[in-house]
Amino acid sequence: MSTAISAQTKWWGGGKSPFNVEYGKLMMWYFLMSDSFTFGAFLIAYGTARFSANSWPDPNEVFNTFPFAPEGMHAPLVFVSIMTFILILSSVTMVLAVQAGHHNNKQGVIKNLIYTIIGGFAFLGCQAWEWTHLFHEGAWWGSNPFLNADGTQGTVNFTNFFFTITGFHGFHVFTGVIINIIMLIMALNNTFEKRGHYLMIEKAGLYWHFVDLVWVFVFTCFYLI
Amino acid sequence: MSNEAILHANMGSAHATHDDHHEHHQETFITKYIFSQDHKTISKQFLITGMVWAVIGGLMSVLFRFQLGFPDDSLPWLEDLLGKWWAAGGHITAQGYYALVTIHGTVLVFFVLTAGLSGTFANLLIPLQIGARDMASPLLNMLSYWFFFIAGIVMLSSIFVETGPFSGGWTAYPPLSALGDTSPGSKTGMDLWIISMALFVVSSLLSGLNYIATVLNMRTKGMSMTRLPLTIWALFFTAVVGVLSFPVLLSGFILLIFDRNFGTSFYLSDIFLSATGTALPNEGGSAILFQHLFWFLGHPEVYIIILPAMGIVSEILSINSRKPIFGYIAMVGSMFAITALSFIVWAHHMFVTGLNPFLGSIFTLFTLLIALPSAIKVFNWLTTLWRGSIRFTPAMLFAIGFVSVFISGGLTGLWLGNSALDIHLHDTYFNIAHFHLVMGVASILAMFAGVYHWFPKMYGRRMNVTLGYIHFWITIIGAYLIFWPMHYEGLAGMPRRYYDYSIWESFKQFSDLNKFISIVVFITFSTQILFLINFFYSIWNGRKETSENPHGATTLEWTTPINPGHGNWVGEIPEVHRWAYDYSKDGKDFIMQTTPIGADEKEEKH
Amino acid sequence: MEYTTQSHGDYAAIKKEIWKVTLILSVLTVIELMLGFWMYLKPEMNHSFKLALKGTIIILMLAKSFYIVAYFMHLKHEIKNMIMTIIVPLTLFIWFIIAFLYDGKSYNNLKNNYDRHYQEQTKVKATKAEHQHNAAPTTEAAPAATH
């Protein structure tokens with residue numbers, strides 16, 4: 001399998017893929033690039049709203065608890081760090097699944113896909129808990145109970161953007177989990193064995209890593225700064 | 001596993017259907033003409049759907065031109081035809097007028113000039129000219145058409161709802177688009193409008209990704225990027241622009257949906273609604289944010305419209321001048337420059353919104369930079385024509401018409417792109433004249449050129465030439481007579497989107513001019529029916545094409561059979577040995593791309 | 001012509017690389033969190049110093065996204081031209097971000113300079129309201145600002 005990519009190869013001469021990838025992977029990459037503009041536009045709109053406001057709520061005052069936390073405990077960033085690590089770890093297991101696929105290791109693919117799916121559900125669970133918690137505090141689209149950092153009436157666009165963007169990200173996580181479940185079923189049915197390659201896992205993997213990537217940005221923009 | 005094996009695995013479906021082609025009974029009417037995955041059939045579907053929309057959108061302009069030209073006259077039968085909502089007493093009503101203007105814009109920009117133009121020619125030409133049996137993913141290609149079709153159905157149905165279609169302008173600025181109580185069209189009409197547009201974004205993403213992957217991955221042996229015909233380069237850049245800009249519009253629309261339905265205030269702040277007598281609680285949003293998001297798509301969108309036109313025209317001018325295109329690399333480079341610049345100039349649509357003036361000056365600079373690649377292209381077209389042995393076919397006339405209109409419409413862009421001048425010209429008829437000439441008429445002319453030129457490839461027959469000449473001359477003269485006078489109206493300060501100018505002392509002087517423009521609109525629109533008759537008559541009864549290469553062109557689509565089946569080539573896909581523009585070379589009229597370079601021949605270096 | 005997948009190199013080495021990247025990502029995240037806690041625990045810190053910390057967090061964020069894209073999404077091992085087709089369009093974000101944020105700030109200045117009501121109202125201290133789901137956000141003790 002180890003073919004040296006020689007400098008003489010006429011990649012662009014036609015009759016072959018200039019990037020040495022099949023079209024599906026290319027389309028997935030460009031779809032993700034396109035999707036990064038969707039998320040980019042959301043986050044930039046969020047930034048624009050924030051720059052045009054005189055004050056903004058302090059995330060540490062908003063996201064300051066976790067499930068089963070003792071009453072009155074003030075623990076910002078704890079719960080969201082757990083969510084972040086869940087997503088990073090599920091990304092790791094996804095890479096392992098892709099690698100196992102490259103070695104036609106069916107058991108490895110199945111095992112790691114199951115881990116990834118569990119990670120995805122865990123993340124969605126955490127998000128559901130956080131949304132429920134915020135809802136009970138009075139936050140929702142169109143209502144923001146939290147004060148701005150300078151003690152003035154909280155701007156409602158804080159919660160508007162928070163729920164819209166994390167919701168859109170959560171929707172992507174959900175789609176990713178569905179895709180991974182389909183991959184798992186196909187792997188269990190030996191679809192990829194018969195096909196002779198596990199390249200589809202790789203595309204699902206790209207999508208899943210992208211979801212992780214977006215969370216890196218959402219995490220920073222909403223919880224840290 | 002070999003690269004070829006993987007590439008060809010993707011072609012499985014095309015191969016399979018190609019093989020089926022020999023046993024005709026396997027293809028049913030439905031798989032062949034309706035849910036077809038053949039790029040040529042999908043191309044025809046896009047074209048004919050686009051034509052239907054062009055007729056609807058054009059008829060709308062006829063109706064509102066009737067109002068603008070003859071505000072005091074009434075046609076009682078209009079009420080019988082359209083109903084009270086649109087034309088009470090034979091007058092176009094104010095709400096009807098705004099609905100007409102809005103849907104005319106939306107339909108023409110998105111359904112006709114985006115889907116109809118690049119949908120038709122990208123689907124037809126990309127596989128045929130790069131030497132592929134079909135698109136990278138024929139399935140997604142088919143889905144792309146059907147998303148477009150459903151988007152059209154939703155938009156069409158919005159015309160028939162009780163409160164009318166959306167009527168706040170095709171740019172859908174909030175608060176008119178965000179608050180249902182602001183106008184009748186902002187209610188169900190806007191809901192349907194936004195659903196339709198969301199479906200359209202999906203359609204354009206599916207097709208755009210497909211075009212990019214196909215052009216990169218599926219070129220035949222020897223077809224390097226610099227041997228691609230300019231049509232392919234143009235359609236490739238178009239797809240890139242679409243893939244990168246439509247998602248931003250989608251984001252803007254999602255925020256708009258939340259504003260409409262879930263009580264958010266992304267775009268709303270400090271509003272007292274006199275229609276309901278209420279002060280709205282929305283606080284902290286900014287309508288300008290929507291304009292930024294909208295124009296981040298909206299500006300690249302005009303290049304999505306014009307780039308395929310440029311590609312088609314380059315190809316047709318070269319073929320019918322029997323000369324190589326002048327400055328091939330400069331053409332590709334300028335298209336790339338246009339693609340890149342298209343993303344960084346969007347706020348020149350917003351100079352008078354309260355945009356920061358310093359930011360505005362930078363946007364002015366970027367905007368005026370676009371003149372450079374545009375001028376390069378224009379000069380290259382003119383030099384391609386220079387001393388050519390020109391064949392004035394209808395396609396060629398339309399292509400030359402494109403160049404003419406592109407120049408006269410493009411020059412006024414320099415006025416409007418200047419933030420100081422724009423304060424006076426913004427939202428006047430000057431602006432209408434500018435973008436209709438440079439984007440609307442120019443692209444429509446190129447689309448006609450493409451249809452006349454590639455009709456033999458699409459249907460294996462010819463269109464009637466005499467009708468083509470009549471169609472061209474009336475269209476080009478009509479277009480100038482309609483839009484040229486609007487420059488003067490705009491310079492005099494006549495604003496766009498007003499219902500009735502005769503009640504304004506300053507604009508009364510234009511009532512005869514408006515009447516004249518409207519009459520020309522009626523004539524020009526009727527001429528387009530001539531084209532439709534010619535088109536549909538020729539599909540079944542046109543003169544049968546007898547030559548595989550009727551235009552004496554060099555590109556690969558003319559190496560296929562006259563009526564190619566799914567899979568395009570019988571047997572092997574031809575190999576390519578030279579660029580696409582070897583005309584009048586070495587004493588030969590033209591040399592096909594498939595002809596190997598002769599022993600004593602020098603390959604055209606560019 | 002062989003199709004070169006990323007499986008050149010042995011399985012163990014790749015796994016090692018994956019875990020190495022995982023470690024780097026974790027460490028970067030922990031540093032980010034520490035900076036976040038620092039800002040939280042010292043609210044009295046200098047404004048420009050706080051901005052510098054936020055800038056550092058953004059740089060760390062970009063570093064993390066580099067590792068995810070380069071190693072997990074395997075872009076680093078693709079052909080250079082393909083990397084360019086993905087990276088170059090993303091540079092559009094530079095002007096996208098600058099122009100949007102600059103105009104956002106400018107809009108804020110416009111409001112503060114020309115909208116007295118806005119300028120005064122955003123200075124009024126409020127108290128946190130509890131469980132107010134269908135109520136519109138209210139400003140307590142807002143002076144009846146007249147224009």
# chains A, B, ... in the order shown; residues from 1 in each chain; ligands from 1
$ interface_residues --of "chain A" --to "chain C" --cutoff "8 Å" --atoms "only C-alpha atoms" --output "PyMOL selection string"
chain A and resi 1-3+19-20+29-30+33+40+44-45+47-55+60+77+81+85+88-89+91-92+95-96+99+102-103+136-140+142-147+150-153+156+205-206+209+213+216-217+220+224-225
$ interface_residues --of "chain A" --to "chain B" --cutoff "8 Å" --atoms "only C-alpha atoms" --output "PyMOL selection string"
chain A and resi 1+12-18+20-23+26-27+30-31+33-35+37-39+41-42+45+48-49+53+141-142+155-157+160+164
$ write_last_selection --atoms "C-alpha atoms" --output "PDB file, in the first residue's frame"
ATOM      1  CA  MET A   1       0.000   0.000   0.000  1.00  0.00           C
ATOM      2  CA  TRP A  12      -3.581  17.884 -12.583  1.00  0.00           C
ATOM      3  CA  GLY A  13      -3.225  16.231 -15.970  1.00  0.00           C
ATOM      4  CA  GLY A  14      -6.704  14.735 -15.934  1.00  0.00           C
ATOM      5  CA  GLY A  15      -7.803  11.139 -15.659  1.00  0.00           C
ATOM      6  CA  LYS A  16      -7.182  11.069 -11.927  1.00  0.00           C
ATOM      7  CA  SER A  17      -8.081  12.935  -8.791  1.00  0.00           C
ATOM      8  CA  PRO A  18      -5.618  15.803  -8.308  1.00  0.00           C
ATOM      9  CA  ASN A  20      -5.757  11.518  -4.620  1.00  0.00           C
ATOM     10  CA  VAL A  21      -9.119  11.288  -2.867  1.00  0.00           C
ATOM     11  CA  GLU A  22     -12.421   9.933  -4.003  1.00  0.00           C
ATOM     12  CA  TYR A  23     -15.161  12.426  -4.815  1.00  0.00           C
ATOM     13  CA  LEU A  26     -13.887  15.915  -1.449  1.00  0.00           C
ATOM     14  CA  MET A  27     -17.563  16.785  -1.285  1.00  0.00           C
ATOM     15  CA  TYR A  30     -16.227  21.273   0.890  1.00  0.00           C
ATOM     16  CA  PHE A  31     -19.556  20.767   2.591  1.00  0.00           C
ATOM     17  CA  MET A  33     -16.134  24.351   4.620  1.00  0.00           C
ATOM     18  CA  SER A  34     -19.551  25.623   3.617  1.00  0.00           C
ATOM     19  CA  ASP A  35     -20.981  24.684   7.003  1.00  0.00           C
ATOM     20  CA  PHE A  37     -19.507  29.628   7.059  1.00  0.00           C
ATOM     21  CA  THR A  38     -22.920  28.921   8.561  1.00  0.00           C
ATOM     22  CA  PHE A  39     -21.469  28.665  12.047  1.00  0.00           C
ATOM     23  CA  ALA A  41     -21.915  33.725  10.376  1.00  0.00           C
ATOM     24  CA  PHE A  42     -23.758  32.836  13.597  1.00  0.00           C
ATOM     25  CA  ALA A  45     -23.431  37.889  14.318  1.00  0.00           C
ATOM     26  CA  THR A  48     -21.532  42.001  16.332  1.00  0.00           C
ATOM     27  CA  ALA A  49     -24.454  42.082  18.759  1.00  0.00           C
ATOM     28  CA  ALA A  53     -24.136  46.543  23.350  1.00  0.00           C
ATOM     29  CA  TRP A 141     -35.480  32.696  23.635  1.00  0.00           C
ATOM     30  CA  GLY A 142     -36.744  36.182  24.309  1.00  0.00           C
ATOM     31  CA  THR A 155     -29.457  42.144  27.251  1.00  0.00           C
ATOM     32  CA  VAL A 156     -31.856  39.576  25.890  1.00  0.00           C
ATOM     33  CA  ASN A 157     -29.682  38.815  22.879  1.00  0.00           C
ATOM     34  CA  ASN A 160     -31.181  34.485  22.131  1.00  0.00           C
ATOM     35  CA  THR A 164     -29.831  29.498  18.838  1.00  0.00           C
TER      36      THR A 164
END
$ residues_around --residues "stretch 51-60 of chain B" --least-positions-apart "5" --cutoff "7 Å" --atoms "only C-alpha atoms" --output "NGL selection string"
:B and (100 or 104 or 107-108 or 111-112)
$ select_by_dssp --residues "stretch 326-460 of chain B" --states "helix (DSSP H, G or I)" --output "number ranges by chain"
B: 328-342, 346-349, 351-353, 357-369, 371-385, 394-416, 419-425, 429-459
$ residues_around --residues "A:Met83" --least-positions-apart "3" --cutoff "7 Å" --atoms "only C-alpha atoms" --output "number ranges by chain"
A: 79-80, 86-87, 123, 126
$ residues_around --residues "stretch 537-552 of chain B" --least-positions-apart "5" --cutoff "7 Å" --atoms "only C-alpha atoms" --output "PyMOL selection string"
chain B and resi 456+459-463+558-559+561-562+590
$ closest_residue --among "B:Phe236, B:Phe507, B:Trp85, B:Tyr145" --to "B:Asp38" --atoms "only C-alpha atoms"
B:Tyr145
$ atom_distance --atom1 "atom CA of B:Gln95" --atom2 "atom CA of B:Phe64"
11.3 Å
$ closest_residue --among "A:Met200, A:Ile181, A:Ile82, A:Leu134" --to "A:Gly101" --atoms "only C-alpha atoms"
A:Met200
$ atom_distance --atom1 "atom CA of B:Ile159" --atom2 "atom CA of B:His436"
23.7 Å
$ atom_distance --atom1 "atom CA of A:Val98" --atom2 "atom CA of A:Asn112"
8.8 Å
